[in-house]
Amino acid sequence: MAVLEVSGLTKRYPGVTALDGVDLEVRPGEVHVLIGENGAGKSTMVRCLSGIERPDAGTMRLHGRPYRPDTAADGLKAGVRVVHQELALLPNLSVAENLFLHHLPRRAGVVDRAALDRSARNLLAEVGLELSPRTPVERLGIAQMQLVEIAKALSGQCQLLIMDEPTATLTPKETGRLFEILRRLTANGVAVIYISHHLEEIFEIGDRVTVLRNGQHVVTREIAGLTTAELVRFMVGRDLAHEYPPVRARERGEELLRVTDLQVTPATPPLSLTVHAGEVVGVAGLVNSGRTEAMRAIFGADRPAAGRVEVRGRPVRSRHPRAAVRAGLSFLTEDRKAQGLVLDLPIAANMSLASLPAVSRFGLLSRSAENRAATRLAEKLRVASQGVRQHVRALSGGNQQKVVLGRWLAADTDLLIVDEPTRGIDVGARYEIHQLLLDLADAGKGLLVVSSDLPELLGICDRIIVFSRNAIAGEVERADFDAERVLNLAYSGYLKGVSV
Ligand SMILES: Nc1ncnc2c1ncn2[C@@H]1O[C@H](COP(=O)(O)OP(=O)(O)OP(=O)(O)O)[C@@H](O)[C@H]1O
Ligand SMILES: [Mg+2]
């Protein structure tokens, strides 16, 4: 018997039908992949299944019995565990408290700290997180938070495990470990619904796939025998002829950025690099290899211990993001939430935050200029919305990301640092974003692109700088691009002293 049967599930928001009569059946022991473009309705489905939202129509059955959760607590009670797309940990509480929030072990009425620590340690070990259960969550990086969310979903009994883009911030190794856990659970009959924009993951872990488009069910299929091209066509409704836009030969112009002996902390090695006008420079490396920290230090978001940063030969003296922006640098951080998306402002306002001069006339903000500029960008980025006056809160996760990206693309600075520009973005829009980045380079701007997606870097960069254990392990020019070569460099810092 199916673990979950959904039939005719419908959810409407003002102006949009997020789910339009969707059917879904999930069997015991299967990983059922749910895919679709940004805004297709995947997370809405998850919210209905978990009890956070009530559907407008349709029925759900769990193990053959009617399932109508009114709250998230009802879902939990029924054995439905969810890792949501948006992290939802309580920052002031410890890791252990977050893990067992709903079922803290008690002795004689008080929380049993020792038991709590013990259980927490076991769960953390399972997901491969080495940290004290007493660590406050606010001190963790995003990848660690994601692992805590996953560990939390694994605490206690579960019949149906739902994961909404769980690997967006994880390393391949952490993803591998997650897949091992999923295989163990499914071997015990647990059913898994798995959402991801990474097609290679889907082939690795999925048994069947359901594709949604514009809130409608497109197809459900066995994954074995499907090709990537077929999946993309189901999702996007058209063929994507090329995975990456053609990279045109470009003149390497004047030097825009020169970083000399920059030390992120007194203990980390000095880093030096340059970026020229018209150049797309990739920054590869494993997560935690120091890439993000280096970018933050270059931009002035964190104060480096030593070193010089020059833009067009002029030192950026004051170590502050505002000085960096004035000098012509902008930075799209990997932590989109911290980028200050203002959820209750329209898309257009959010997009123009970094480029107010361009949409102002005589010092006054011109709403129509703002709308026009935002509309153009939103179209290019394929933001699924009801127009640029719509509030960002009503957008799907991926579409919110596109808005942040749009803000920095609109900023029109000489040098743009983007950290994980296509994370959480669907395959169709990825191409457009790559095209936009290349257009900027064609226009003479310099780009530093940090990405954990190596094919992406190989697809769009002129040169790749490889980080390994907080140092620059090497650089590879486009003519010498080779995935293995980059990977060897990325691992090199960790292999020193290890006889292979
Ligand atoms: N609270 C809300 N108010 C209004 N519209 C909403 C709300 N939440 C979601 N929507 C709309 O519902 C549709 C489906 O969104 P959903 O978040 O389910 O997409 P998704 O498939 O998860 O996309 P992504 O890949 O970007 O995460 C979108 O058009 C979105 O704008
Ligand atoms: Mg979503």
# chains A, B, ... in the order shown; residues from 1 in each chain; ligands from 1

call {"tool": "closest_atom_pairs", "arguments": {"of": "chain A", "to": "ligand 1", "cutoff": "10 Å", "atoms": "only C-alpha atoms and all ligand atoms", "output": "tab-separated table"}}
result
residue	atom	partner	partner_atom_place_in_ligand_line	distance
A:Lys11	CA	ligand 1	12 (O)	8.5
A:Arg12	CA	ligand 1	12 (O)	7.8
A:Tyr13	CA	ligand 1	4 (C)	4.8
A:Pro14	CA	ligand 1	4 (C)	6.1
A:Gly15	CA	ligand 1	5 (N)	7.7
A:Val16	CA	ligand 1	29 (O)	6.2
A:Thr17	CA	ligand 1	12 (O)	6.8
A:Ala18	CA	ligand 1	12 (O)	4.2
A:Leu19	CA	ligand 1	14 (C)	7.3
A:Leu34	CA	ligand 1	21 (O)	9.0
A:Ile35	CA	ligand 1	21 (O)	7.5
A:Gly36	CA	ligand 1	21 (O)	6.0
A:Glu37	CA	ligand 1	25 (O)	5.6
A:Asn38	CA	ligand 1	26 (O)	3.3
A:Gly39	CA	ligand 1	19 (O)	3.3
A:Ala40	CA	ligand 1	21 (O)	3.8
A:Gly41	CA	ligand 1	18 (O)	3.1
A:Lys42	CA	ligand 1	21 (O)	3.6
A:Ser43	CA	ligand 1	22 (O)	3.6
A:Thr44	CA	ligand 1	18 (O)	3.7
A:Met45	CA	ligand 1	18 (O)	6.4
A:Val46	CA	ligand 1	18 (O)	7.9
A:Arg47	CA	ligand 1	18 (O)	8.3
A:Cys48	CA	ligand 1	18 (O)	9.9
A:Glu53	CA	ligand 1	1 (N)	9.6
A:His84	CA	ligand 1	22 (O)	10.0
A:Gln85	CA	ligand 1	27 (O)	7.1
A:Glu86	CA	ligand 1	27 (O)	9.2
A:Asp164	CA	ligand 1	22 (O)	8.0
A:Glu165	CA	ligand 1	27 (O)	8.0
A:Ile195	CA	ligand 1	25 (O)	8.6
A:Ser196	CA	ligand 1	25 (O)	8.0
A:His197	CA	ligand 1	25 (O)	7.4
A:Leu212	CA	ligand 1	21 (O)	7.7
A:Arg213	CA	ligand 1	21 (O)	8.3
A:Asn214	CA	ligand 1	29 (O)	7.6
A:Gly215	CA	ligand 1	14 (C)	6.8
A:Val383	CA	ligand 1	31 (O)	9.2
A:Ala384	CA	ligand 1	29 (O)	6.0
A:Ser385	CA	ligand 1	31 (O)	5.7
A:Gln386	CA	ligand 1	31 (O)	7.9
A:Gln390	CA	ligand 1	4 (C)	9.1
A:His391	CA	ligand 1	4 (C)	8.7
A:Val392	CA	ligand 1	31 (O)	8.5
A:Arg393	CA	ligand 1	1 (N)	6.4
A:Ala394	CA	ligand 1	3 (N)	3.9
A:Leu395	CA	ligand 1	31 (O)	3.7
A:Ser396	CA	ligand 1	17 (O)	3.5
A:Gly397	CA	ligand 1	27 (O)	4.1
A:Gly398	CA	ligand 1	26 (O)	3.1
A:Asn399	CA	ligand 1	26 (O)	5.1
A:Gln400	CA	ligand 1	26 (O)	7.4
A:Gln401	CA	ligand 1	26 (O)	8.1
A:Lys402	CA	ligand 1	26 (O)	9.1
A:Gly424	CA	ligand 1	25 (O)	6.5
A:Ile425	CA	ligand 1	25 (O)	6.6
A:Asp426	CA	ligand 1	25 (O)	6.5

call {"tool": "residues_around", "arguments": {"residues": "Asp462 in chain A", "least_positions_apart": "2", "cutoff": "8 Å", "atoms": "only C-alpha atoms", "output": "PyMOL selection string"}}
result
chain A and resi 279-282+460+464+477-478

call {"tool": "closest_residue", "arguments": {"among": "A:Val6, A:Val275, A:Ala168, A:Leu99", "to": "ligand 2", "atoms": "only C-alpha atoms and all ligand atoms"}}
result
A:Ala168

call {"tool": "select_by_dssp", "arguments": {"residues": "range 308-462 of chain A", "states": "strand (DSSP E or B)", "output": "PyMOL selection string"}}
result
chain A and resi 308-311+314-315+329-332+346+360-361+364-365+391+415-419+446-450

call {"tool": "write_last_selection", "arguments": {"atoms": "N, CA, C and O atoms", "output": "short mmCIF file (atom, residue, chain, number, x, y, z; two decimals), in the first residue's frame"}}
result
data_model
loop_
_atom_site.label_atom_id
_atom_site.label_comp_id
_atom_site.auth_asym_id
_atom_site.auth_seq_id
_atom_site.Cartn_x
_atom_site.Cartn_y
_atom_site.Cartn_z
N ARG A 308 46.63 44.05 1.15
CA ARG A 308 46.17 45.22 0.42
C ARG A 308 45.13 44.83 -0.61
O ARG A 308 45.24 43.80 -1.27
N VAL A 309 44.13 45.70 -0.77
CA VAL A 309 43.16 45.53 -1.84
C VAL A 309 43.15 46.81 -2.66
O VAL A 309 43.00 47.90 -2.11
N GLU A 310 43.40 46.69 -3.97
CA GLU A 310 43.38 47.88 -4.83
C GLU A 310 42.35 47.70 -5.94
O GLU A 310 42.26 46.63 -6.53
N VAL A 311 41.59 48.76 -6.18
CA VAL A 311 40.67 48.77 -7.31
C VAL A 311 41.18 49.81 -8.28
O VAL A 311 41.36 50.97 -7.90
N ARG A 314 43.98 51.91 -7.12
CA ARG A 314 43.80 52.76 -5.94
C ARG A 314 43.47 51.89 -4.73
O ARG A 314 42.53 51.08 -4.79
N PRO A 315 44.22 52.04 -3.66
CA PRO A 315 43.95 51.21 -2.48
C PRO A 315 42.56 51.50 -1.89
O PRO A 315 42.14 52.66 -1.85
N LEU A 329 33.12 48.06 -6.13
CA LEU A 329 32.97 46.62 -5.90
C LEU A 329 31.55 46.32 -5.44
O LEU A 329 30.98 47.09 -4.69
N SER A 330 30.99 45.20 -5.90
CA SER A 330 29.76 44.75 -5.26
C SER A 330 29.85 43.25 -5.02
O SER A 330 30.64 42.56 -5.63
N PHE A 331 29.02 42.78 -4.12
CA PHE A 331 29.18 41.44 -3.60
C PHE A 331 27.83 40.79 -3.35
O PHE A 331 27.06 41.26 -2.53
N LEU A 332 27.56 39.71 -4.06
CA LEU A 332 26.37 38.90 -3.78
C LEU A 332 26.81 37.77 -2.87
O LEU A 332 27.54 36.88 -3.29
N PRO A 346 7.97 45.57 -2.66
CA PRO A 346 7.83 44.96 -3.98
C PRO A 346 9.17 44.50 -4.56
O PRO A 346 10.23 44.95 -4.12
N SER A 360 16.84 57.19 -10.09
CA SER A 360 16.41 58.45 -9.50
C SER A 360 16.57 59.57 -10.52
O SER A 360 17.46 59.52 -11.37
N ARG A 361 15.70 60.56 -10.45
CA ARG A 361 15.87 61.73 -11.29
C ARG A 361 15.87 62.96 -10.39
O ARG A 361 14.98 63.11 -9.57
N LEU A 364 15.31 62.32 -6.89
CA LEU A 364 14.07 61.69 -6.45
C LEU A 364 13.94 60.33 -7.12
O LEU A 364 14.27 60.17 -8.29
N LEU A 365 13.47 59.38 -6.36
CA LEU A 365 13.29 58.06 -6.92
C LEU A 365 12.16 58.09 -7.94
O LEU A 365 11.06 58.54 -7.64
N HIS A 391 4.95 41.78 -3.73
CA HIS A 391 5.87 41.71 -2.62
C HIS A 391 6.72 40.44 -2.70
O HIS A 391 6.25 39.40 -3.13
N LEU A 415 33.38 45.86 -10.64
CA LEU A 415 33.75 44.51 -10.28
C LEU A 415 32.68 43.87 -9.41
O LEU A 415 32.23 44.47 -8.43
N LEU A 416 32.26 42.71 -9.83
CA LEU A 416 31.16 42.05 -9.15
C LEU A 416 31.65 40.71 -8.60
O LEU A 416 32.21 39.90 -9.33
N ILE A 417 31.48 40.53 -7.29
CA ILE A 417 31.80 39.24 -6.69
C ILE A 417 30.48 38.52 -6.44
O ILE A 417 29.60 39.07 -5.79
N VAL A 418 30.34 37.34 -7.00
CA VAL A 418 29.09 36.60 -6.76
C VAL A 418 29.42 35.24 -6.16
O VAL A 418 30.23 34.50 -6.68
N ASP A 419 28.79 34.96 -5.03
CA ASP A 419 29.04 33.71 -4.32
C ASP A 419 27.85 32.79 -4.57
O ASP A 419 26.73 33.09 -4.17
N GLY A 446 34.58 43.24 -14.49
CA GLY A 446 35.32 42.09 -14.00
C GLY A 446 34.44 41.29 -13.06
O GLY A 446 33.67 41.88 -12.30
N LEU A 447 34.56 39.97 -13.13
CA LEU A 447 33.72 39.15 -12.25
C LEU A 447 34.53 38.10 -11.51
O LEU A 447 35.41 37.47 -12.09
N LEU A 448 34.21 37.96 -10.23
CA LEU A 448 34.75 36.86 -9.44
C LEU A 448 33.55 35.98 -9.11
O LEU A 448 32.61 36.43 -8.45
N VAL A 449 33.57 34.75 -9.58
CA VAL A 449 32.42 33.87 -9.40
C VAL A 449 32.80 32.69 -8.52
O VAL A 449 33.56 31.82 -8.95
N VAL A 450 32.30 32.69 -7.30
CA VAL A 450 32.54 31.55 -6.42
C VAL A 450 31.44 30.53 -6.67
O VAL A 450 30.26 30.88 -6.67
#

call {"tool": "residues_around", "arguments": {"residues": "Ala305 in chain A", "least_positions_apart": "2", "cutoff": "8 Å", "atoms": "only C-alpha atoms", "output": "number ranges by chain"}}
result
A: 262-266, 303, 307

call {"tool": "atom_distance", "arguments": {"atom1": "CA of His320 in chain A", "atom2": "CA of Leu343 in chain A"}}
result
25.5 Å

call {"tool": "atom_distance", "arguments": {"atom1": "CA of His276 in chain A", "atom2": "CA of Leu257 in chain A"}}
result
6.7 Å
